[in-house]
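Structure file entry_6.txt; described as compact mmCIF, C-alpha atoms and all ligand atoms.
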```txt
# COMPACT_ATOMS: atom_id res chain seq x y z
CA MET X 1266 -81.84 -78.20 -9.43
CA THR X 1267 -80.21 -74.77 -9.46
CA THR X 1268 -82.27 -71.73 -10.27
CA THR X 1269 -80.77 -68.44 -11.37
CA VAL X 1270 -82.65 -65.58 -9.81
CA ASN X 1271 -81.66 -62.05 -10.61
CA PHE X 1272 -84.57 -59.68 -10.83
CA GLN X 1273 -83.36 -56.44 -12.36
CA LEU X 1274 -86.45 -54.75 -13.67
CA PRO X 1275 -87.24 -51.03 -13.29
CA GLN X 1276 -88.57 -49.94 -9.91
CA GLN X 1277 -91.90 -48.19 -9.65
CA ALA X 1278 -93.03 -45.73 -6.98
CA PRO X 1279 -95.21 -47.83 -4.68
CA ALA X 1280 -98.06 -46.91 -2.34
CA ALA X 1281 -97.34 -47.64 1.35
CA SER X 1282 -99.92 -50.41 1.27
CA ALA X 1283 -100.13 -52.64 -1.76
CA VAL X 1284 -103.63 -53.57 -0.66
CA GLU X 1285 -105.77 -52.35 2.20
CA LEU X 1286 -109.14 -53.58 3.36
CA ARG X 1287 -111.15 -51.29 5.63
CA GLY X 1288 -114.09 -52.79 7.46
CA VAL X 1289 -114.78 -55.23 4.65
CA SER X 1290 -117.73 -57.59 4.85
CA ARG X 1291 -118.83 -59.96 2.11
CA GLU X 1292 -122.13 -61.77 2.26
CA TYR X 1293 -123.50 -64.44 -0.03
CA GLY X 1294 -127.06 -65.60 -0.49
CA SER X 1295 -130.44 -64.05 0.13
CA LYS X 1296 -131.96 -62.32 3.13
CA HIS X 1297 -133.25 -65.67 4.38
CA ALA X 1298 -130.04 -67.68 4.05
CA THR X 1299 -127.04 -65.42 4.31
CA VAL X 1300 -123.43 -66.54 4.68
CA ARG X 1301 -121.10 -63.85 5.95
CA ALA X 1302 -117.81 -65.00 4.39
CA LEU X 1303 -115.93 -61.89 5.62
CA ASN X 1304 -117.02 -60.00 8.69
CA ASP X 1305 -115.69 -56.46 9.16
CA VAL X 1306 -112.11 -57.26 8.13
CA SER X 1307 -109.56 -54.45 8.33
CA LEU X 1308 -106.12 -55.41 7.09
CA SER X 1309 -103.20 -53.78 5.35
CA PHE X 1310 -100.67 -55.61 3.18
CA PRO X 1311 -97.62 -53.33 3.24
CA THR X 1312 -95.69 -52.77 0.02
CA GLY X 1313 -92.65 -54.99 -0.33
CA THR X 1314 -93.84 -57.63 2.09
CA TRP X 1315 -95.12 -61.18 1.72
CA THR X 1316 -98.17 -62.17 3.71
CA ALA X 1317 -99.64 -65.64 4.00
CA VAL X 1318 -103.36 -66.05 4.66
CA MET X 1319 -104.36 -69.20 6.50
CA GLY X 1320 -107.39 -70.62 8.23
CA PRO X 1321 -109.70 -73.63 8.31
CA SER X 1322 -111.75 -74.62 5.27
CA GLY X 1323 -114.57 -72.12 4.73
CA SER X 1324 -112.94 -69.44 6.89
CA GLY X 1325 -112.98 -66.87 4.05
CA LYS X 1326 -109.46 -67.04 2.59
CA SER X 1327 -110.51 -67.18 -1.07
CA THR X 1328 -113.15 -64.53 -0.49
CA LEU X 1329 -110.52 -62.27 1.06
CA LEU X 1330 -108.17 -62.80 -1.89
CA HIS X 1331 -110.95 -62.20 -4.43
CA CYS X 1332 -112.12 -59.00 -2.72
CA ALA X 1333 -108.54 -57.73 -2.36
CA ALA X 1334 -107.86 -58.40 -6.06
CA GLY X 1335 -111.04 -56.72 -7.28
CA LEU X 1336 -112.44 -60.02 -8.53
CA GLU X 1337 -115.47 -59.69 -6.25
CA GLN X 1338 -117.45 -56.74 -4.95
CA VAL X 1339 -117.57 -56.25 -1.19
CA SER X 1340 -120.93 -56.00 0.58
CA SER X 1341 -119.64 -53.17 2.77
CA GLY X 1342 -116.32 -51.52 3.60
CA GLN X 1343 -113.58 -50.27 1.28
CA VAL X 1344 -110.74 -51.84 -0.72
CA PHE X 1345 -107.65 -49.90 -1.79
CA LEU X 1346 -105.37 -51.44 -4.43
CA ALA X 1347 -102.05 -49.74 -5.17
CA GLY X 1348 -103.36 -46.65 -3.36
CA ARG X 1349 -106.61 -46.46 -5.36
CA ASP X 1350 -110.04 -46.98 -3.89
CA ILE X 1351 -111.53 -49.76 -6.05
CA THR X 1352 -114.67 -50.27 -3.94
CA PHE X 1353 -116.99 -48.73 -6.49
CA ALA X 1354 -114.93 -49.28 -9.64
CA ASN X 1355 -116.93 -50.61 -12.59
CA ASP X 1356 -116.05 -53.82 -14.46
CA ASP X 1357 -113.94 -52.08 -17.11
CA GLN X 1358 -111.96 -50.15 -14.50
CA LEU X 1359 -111.43 -53.31 -12.45
CA THR X 1360 -110.27 -55.30 -15.48
CA ASP X 1361 -107.83 -52.55 -16.39
CA MET X 1362 -106.57 -52.30 -12.81
CA ARG X 1363 -106.10 -56.07 -12.54
CA ARG X 1364 -104.16 -56.30 -15.79
CA ARG X 1365 -101.78 -53.51 -14.79
CA GLU X 1366 -101.47 -53.74 -11.03
CA VAL X 1367 -102.13 -57.36 -10.17
CA GLY X 1368 -100.40 -60.64 -10.93
CA PHE X 1369 -101.97 -64.02 -10.21
CA VAL X 1370 -100.41 -67.40 -9.53
CA PHE X 1371 -102.74 -70.36 -9.07
CA GLN X 1372 -102.31 -73.88 -7.75
CA SER X 1373 -103.11 -75.31 -11.18
CA PHE X 1374 -100.74 -72.94 -13.06
CA ASN X 1375 -103.46 -71.88 -15.58
CA LEU X 1376 -101.06 -71.49 -18.50
CA ILE X 1377 -102.43 -71.51 -22.04
CA GLY X 1378 -101.54 -74.93 -23.44
CA SER X 1379 -101.23 -73.89 -27.08
CA LEU X 1380 -98.72 -71.12 -26.29
CA THR X 1381 -95.01 -71.47 -25.52
CA ALA X 1382 -93.57 -70.29 -22.21
CA GLU X 1383 -92.48 -66.97 -23.72
CA GLN X 1384 -95.84 -66.48 -25.47
CA ASN X 1385 -97.65 -67.08 -22.16
CA VAL X 1386 -95.48 -64.42 -20.52
CA ALA X 1387 -95.82 -62.01 -23.45
CA LEU X 1388 -99.61 -62.33 -23.34
CA SER X 1389 -99.60 -60.74 -19.92
CA LEU X 1390 -97.90 -57.64 -21.39
CA LYS X 1391 -100.35 -57.56 -24.30
CA LEU X 1392 -103.36 -57.72 -21.98
CA ALA X 1393 -101.90 -54.89 -19.91
CA GLY X 1394 -101.69 -52.80 -23.09
CA THR X 1395 -97.90 -52.71 -22.90
CA ARG X 1396 -95.60 -53.11 -25.88
CA VAL X 1397 -94.20 -56.65 -25.92
CA ASP X 1398 -90.52 -56.24 -25.22
CA LYS X 1399 -88.99 -59.61 -26.15
CA SER X 1400 -85.80 -59.00 -24.22
CA LEU X 1401 -87.87 -58.25 -21.10
CA VAL X 1402 -89.78 -61.52 -21.58
CA ARG X 1403 -86.50 -63.40 -21.94
CA THR X 1404 -85.03 -61.68 -18.88
CA VAL X 1405 -88.02 -62.57 -16.74
CA LEU X 1406 -87.91 -66.19 -17.88
CA ALA X 1407 -84.17 -66.25 -17.12
CA ASN X 1408 -84.96 -64.81 -13.69
CA VAL X 1409 -87.07 -67.86 -12.91
CA GLY X 1410 -84.35 -70.19 -14.23
CA LEU X 1411 -86.09 -71.04 -17.52
CA ALA X 1412 -83.98 -69.28 -20.16
CA ASP X 1413 -83.59 -72.58 -21.98
CA ARG X 1414 -87.30 -73.45 -21.89
CA ALA X 1415 -88.72 -70.33 -23.58
CA LYS X 1416 -89.92 -72.21 -26.66
CA HIS X 1417 -91.49 -75.07 -24.73
CA LYS X 1418 -95.23 -75.52 -24.31
CA PRO X 1419 -96.68 -76.22 -20.86
CA ARG X 1420 -97.12 -79.97 -21.53
CA GLU X 1421 -93.34 -80.17 -22.19
CA LEU X 1422 -92.55 -78.71 -18.77
CA SER X 1423 -92.62 -80.20 -15.27
CA GLY X 1424 -95.14 -78.89 -12.73
CA GLY X 1425 -92.45 -76.85 -10.99
CA GLN X 1426 -91.32 -75.37 -14.31
CA GLN X 1427 -94.91 -74.53 -15.27
CA GLN X 1428 -95.37 -72.73 -11.98
CA ARG X 1429 -92.18 -70.77 -12.62
CA VAL X 1430 -93.56 -69.72 -16.03
CA ALA X 1431 -96.74 -68.65 -14.23
CA ILE X 1432 -94.65 -66.57 -11.82
CA ALA X 1433 -92.80 -64.98 -14.75
CA ARG X 1434 -96.17 -64.23 -16.37
CA GLY X 1435 -97.43 -62.70 -13.13
CA MET X 1436 -94.29 -60.63 -12.64
CA VAL X 1437 -93.59 -59.32 -16.14
CA THR X 1438 -95.95 -56.34 -15.78
CA ARG X 1439 -94.32 -55.39 -12.44
CA PRO X 1440 -97.65 -55.55 -10.60
CA ALA X 1441 -98.23 -53.71 -7.34
CA VAL X 1442 -99.21 -57.02 -5.82
CA LEU X 1443 -98.89 -60.68 -6.72
CA PHE X 1444 -101.76 -62.81 -5.45
CA ALA X 1445 -100.89 -66.46 -5.05
CA ASP X 1446 -103.55 -69.08 -4.34
CA GLU X 1447 -101.90 -72.28 -3.07
CA PRO X 1448 -98.89 -71.76 -5.38
CA THR X 1449 -97.12 -74.86 -4.09
CA GLY X 1450 -100.23 -77.01 -3.62
CA ALA X 1451 -99.61 -79.16 -6.71
CA LEU X 1452 -95.82 -79.44 -6.37
CA ASP X 1453 -93.46 -81.91 -4.76
CA THR X 1454 -91.40 -80.69 -1.82
CA LYS X 1455 -88.32 -79.85 -3.88
CA SER X 1456 -90.18 -77.90 -6.60
CA ALA X 1457 -92.21 -76.16 -3.90
CA ARG X 1458 -89.00 -74.99 -2.26
CA VAL X 1459 -87.71 -73.59 -5.57
CA VAL X 1460 -90.97 -71.65 -6.03
CA LEU X 1461 -90.89 -70.33 -2.45
CA ASP X 1462 -87.24 -69.28 -2.86
CA LEU X 1463 -88.18 -67.44 -6.06
CA LEU X 1464 -90.98 -65.58 -4.32
CA ARG X 1465 -88.59 -64.66 -1.50
CA THR X 1466 -86.06 -63.33 -4.03
CA MET X 1467 -88.74 -61.18 -5.63
CA VAL X 1468 -89.63 -59.67 -2.27
CA GLN X 1469 -85.98 -59.09 -1.30
CA THR X 1470 -84.69 -57.68 -4.58
CA GLN X 1471 -87.76 -56.00 -6.09
CA ARG X 1472 -89.82 -55.17 -3.01
CA GLN X 1473 -92.57 -57.21 -4.62
CA SER X 1474 -95.72 -57.38 -2.50
CA ILE X 1475 -97.21 -60.86 -2.25
CA VAL X 1476 -100.46 -62.08 -0.72
CA MET X 1477 -100.59 -65.87 -0.62
CA VAL X 1478 -103.38 -68.18 0.48
CA THR X 1479 -102.02 -71.52 1.63
CA HIS X 1480 -102.84 -74.56 3.73
CA ASP X 1481 -99.16 -75.50 3.98
CA PRO X 1482 -97.33 -74.37 7.15
CA ALA X 1483 -93.96 -74.69 5.36
CA ALA X 1484 -95.11 -72.30 2.63
CA ALA X 1485 -96.58 -69.89 5.18
CA ALA X 1486 -93.30 -69.92 7.11
CA ALA X 1487 -91.51 -68.62 4.01
CA ALA X 1488 -93.60 -65.42 4.17
CA ASP X 1489 -92.87 -62.36 6.31
CA SER X 1490 -96.06 -62.76 8.27
CA VAL X 1491 -99.15 -64.91 8.52
CA VAL X 1492 -102.72 -63.81 9.19
CA PHE X 1493 -105.26 -66.37 10.34
CA LEU X 1494 -108.95 -66.26 9.52
CA ARG X 1495 -111.79 -68.06 11.23
CA ASP X 1496 -115.45 -67.57 10.35
CA GLY X 1497 -114.61 -64.53 8.25
CA VAL X 1498 -112.71 -62.73 11.00
CA ILE X 1499 -108.96 -62.15 11.42
CA VAL X 1500 -108.21 -63.97 14.65
CA ASP X 1501 -104.43 -64.07 14.75
CA HIS X 1502 -101.25 -62.68 13.23
CA LEU X 1503 -97.69 -64.00 13.38
CA ALA X 1504 -94.46 -62.36 12.19
CA ARG X 1505 -91.72 -64.61 10.71
CA PRO X 1506 -92.99 -67.77 12.42
CA SER X 1507 -91.57 -71.25 12.02
CA ALA X 1508 -93.56 -73.93 10.22
CA THR X 1509 -94.04 -75.67 13.56
CA VAL X 1510 -95.62 -72.64 15.18
CA VAL X 1511 -97.85 -72.07 12.14
CA ALA X 1512 -98.98 -75.71 12.19
CA GLU X 1513 -99.76 -75.50 15.91
CA ARG X 1514 -101.77 -72.30 15.46
CA LEU X 1515 -103.70 -73.77 12.54
CA ALA X 1516 -104.44 -76.98 14.44
CA HIS X 1517 -105.77 -74.87 17.31
CA LEU X 1518 -108.11 -72.99 14.93
CA GLU X 1519 -109.28 -76.18 13.26
CA GLY X 1520 -109.78 -78.01 16.55
N1 LIG X 1601 -120.41 -67.93 -4.26
C1 LIG X 1601 -120.74 -68.29 -3.02
N2 LIG X 1601 -122.04 -68.45 -2.67
C2 LIG X 1601 -122.39 -68.80 -1.43
N3 LIG X 1601 -121.51 -69.01 -0.42
C3 LIG X 1601 -120.22 -68.88 -0.71
C4 LIG X 1601 -119.75 -68.52 -2.02
N4 LIG X 1601 -118.39 -68.46 -1.99
C5 LIG X 1601 -118.02 -68.77 -0.73
N5 LIG X 1601 -119.12 -69.02 0.03
C6 LIG X 1601 -119.10 -69.37 1.46
O1 LIG X 1601 -118.34 -68.39 2.14
C7 LIG X 1601 -117.53 -69.01 3.16
C8 LIG X 1601 -116.05 -68.71 2.91
O2 LIG X 1601 -115.67 -69.37 1.70
P1 LIG X 1601 -114.17 -69.28 1.13
O3 LIG X 1601 -114.16 -70.03 -0.15
O4 LIG X 1601 -113.74 -67.87 1.11
O5 LIG X 1601 -113.37 -70.09 2.24
P2 LIG X 1601 -111.87 -70.65 2.21
O6 LIG X 1601 -111.27 -70.31 3.54
O7 LIG X 1601 -111.15 -70.17 1.00
O8 LIG X 1601 -112.13 -72.21 2.12
P3 LIG X 1601 -111.20 -73.42 1.54
O9 LIG X 1601 -109.95 -73.46 2.37
O10 LIG X 1601 -112.06 -74.63 1.76
O11 LIG X 1601 -110.95 -73.13 0.10
C9 LIG X 1601 -117.87 -70.48 3.14
O12 LIG X 1601 -118.87 -70.72 4.12
C10 LIG X 1601 -118.44 -70.69 1.75
O13 LIG X 1601 -119.35 -71.77 1.73
```
Written form, structure tokens:
Amino acid sequence: MTTTVNFQLPQQAPAASAVELRGVSREYGSKHATVRALNDVSLSFPTGTWTAVMGPSGSGKSTLLHCAAGLEQVSSGQVFLAGRDITFANDDQLTDMRRREVGFVFQSFNLIGSLTAEQNVALSLKLAGTRVDKSLVRTVLANVGLADRAKHKPRELSGGQQQRVAIARGMVTRPAVLFADEPTGALDTKSARVVLDLLRTMVQTQRQSIVMVTHDPAAAAAADSVVFLRDGVIVDHLARPSATVVAERLAHLEG
């Protein structure tokens, strides 16, 4: 399968860090039975870079992603998204911030089944309060290699194609950061590679910032760097590692 990738959308002036967590802790439960899912985490995701977040089950990866994306309040510490302190933002402010500054890609695609590919992408613009520019929607779909699938509904697309629509939907608003939660988890090896290559192209050509939770060492190795969590603490960091090194490090943490 060949995929045409040519992101040529307007640049925006970015903050030095797409997302920054300062001393973030997140606790669940009551005083008597507390789980500390994140424990004093300080971490910066620089603009224009792709970071993978790994760690054993229950280590706090999803909690980190949710706190960084403003989907969950932190118990203590501060979160900066696109240069703005969102720690004490109210629900309306957070919703607005997420629609404009954040894109999401999920393992299960989460497309709206009754809408075509282009309508799914256009919806993202509508929710962000942006005029729906049809040529922009078409360009973004072409960028993910789906120019000829714009009128198709999700059930008429393969898993890999659906994930590419989801990436187009996440990208069309030019978010400060794209959060990806196991984006290749439901895909075969070949489709996963296409998706990873697309994400790489977005980083290279658009300086897109990506934060990706994954269990897959091959996916993590496609990122610029990998941070490892264990028991809610950042315990390791690797720059441009191979899949083998990532797998070894993960096995060590899980052991
Ligand atoms: N809503 C919640 N209420 C209570 N505890 C929670 C809640 N969400 C997460 N936790 C706990 O916080 C810890 C971290 O969970 P989290 O989902 O962030 O881990 P994870 O690394 O994403 O795990 P996995 O790889 O299995 O998805 C776990 O001990 C989990 O049980």
- [ ] Within 10 Å of ligand LIG 1601 (chain X), which residues show up when you count all atoms listed in the file? List them as number ranges by chain, please.
- [x] X: 1291-1295, 1298-1303, 1318-1332, 1337, 1446-1447, 1478-1480, 1493-1497
Task: Computed interatomic separation between CA of Ile1432 in chain X and CA of Gly1368 in chain X (Å) - done: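 Separation between CA of Ile1432 in chain X and CA of Gly1368 in chain X: 8.3 Å.
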Task: Protein/DNA/RNA residues near (-103.0, -67.0, 21.5), cut 12 Å, only C-alpha atoms, as a ChimeraX atom specification - done: /X:1493,1500-1503,1510-1511,1513-1515,1517-1518
Task: Residue contacts of Ser1423 in chain X (12 Å, only C-alpha atoms) excluding same-chain residues fewer than 3 positions away, as a list in words - done: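 These residues fall inside the cut-off: Phe1374, Leu1411, Arg1414, His1417, Lys1418, Pro1419, Arg1420, Gln1426, Gln1427, Gln1428, Arg1429, Val1430, Ala1451, Leu1452, Asp1453 and Ser1456 of chain X.
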TODO: Have a look at CA of Val1386 in chain X and CA of Ala1483 in chain X and let me know their distance in Å, one decimal.
DONE: 27.9 Å
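Of the listed residues X:Leu1380, X:Ala1387, X:Val1289, X:Met1467, the one whose atoms come nearest to Gln1338 in chain X is X:Val1289, with distances taken using only C-alpha atoms.
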Task: Selected residue, from X:Leu1336, X:Ala1433, X:Leu1376, X:Val1476, that lies nearest to Arg1363 in chain X when counting all atoms listed in the file - done: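 Checking each of X:Leu1336, X:Ala1433, X:Leu1376, X:Val1476 against Arg1363 in chain X, counting all atoms listed in the file, the winner is X:Leu1336.
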Task: Residue nearest Arg1439 in chain X - candidates X:Ile1377, X:Ala1382, X:Ile1475, X:Val1284, atoms counted: only C-alpha atoms - done: X:Ile1475
Open item on the list: Given all atoms listed in the file as the basis, pick out the residue of X:Val1339, X:Val1468, X:Val1437, X:Val1367 nearest to Asn1385 in chain X.
Closed with: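 So, comparing all the options, the nearest one is X:Val1437.
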Open item on the list: Could you tell me how far CA of Ala1283 in chain X sits from CA of Gln1473 in chain X, in Å to one decimal place?
Closed with: 9.3 Å
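The residue that comes closest to Arg1403 in chain X, out of X:Ser1379, X:Thr1312, X:Ser1373, X:Arg1434 and on the basis of all atoms listed in the file, is X:Arg1434.
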Task: Residue with smallest distance to Ser1282 in chain X - pool X:Arg1465, X:Arg1349, X:Arg1458, X:Arg1505, counting all atoms listed in the file - done: X:Arg1349
Open item on the list: Which residues are close to Met1477 in chain X, i.e. within 12 Å by only C-alpha atoms, leaving aside same-chain residues fewer than 4 positions away? Reply as a count of residues only.
Closed with: 42
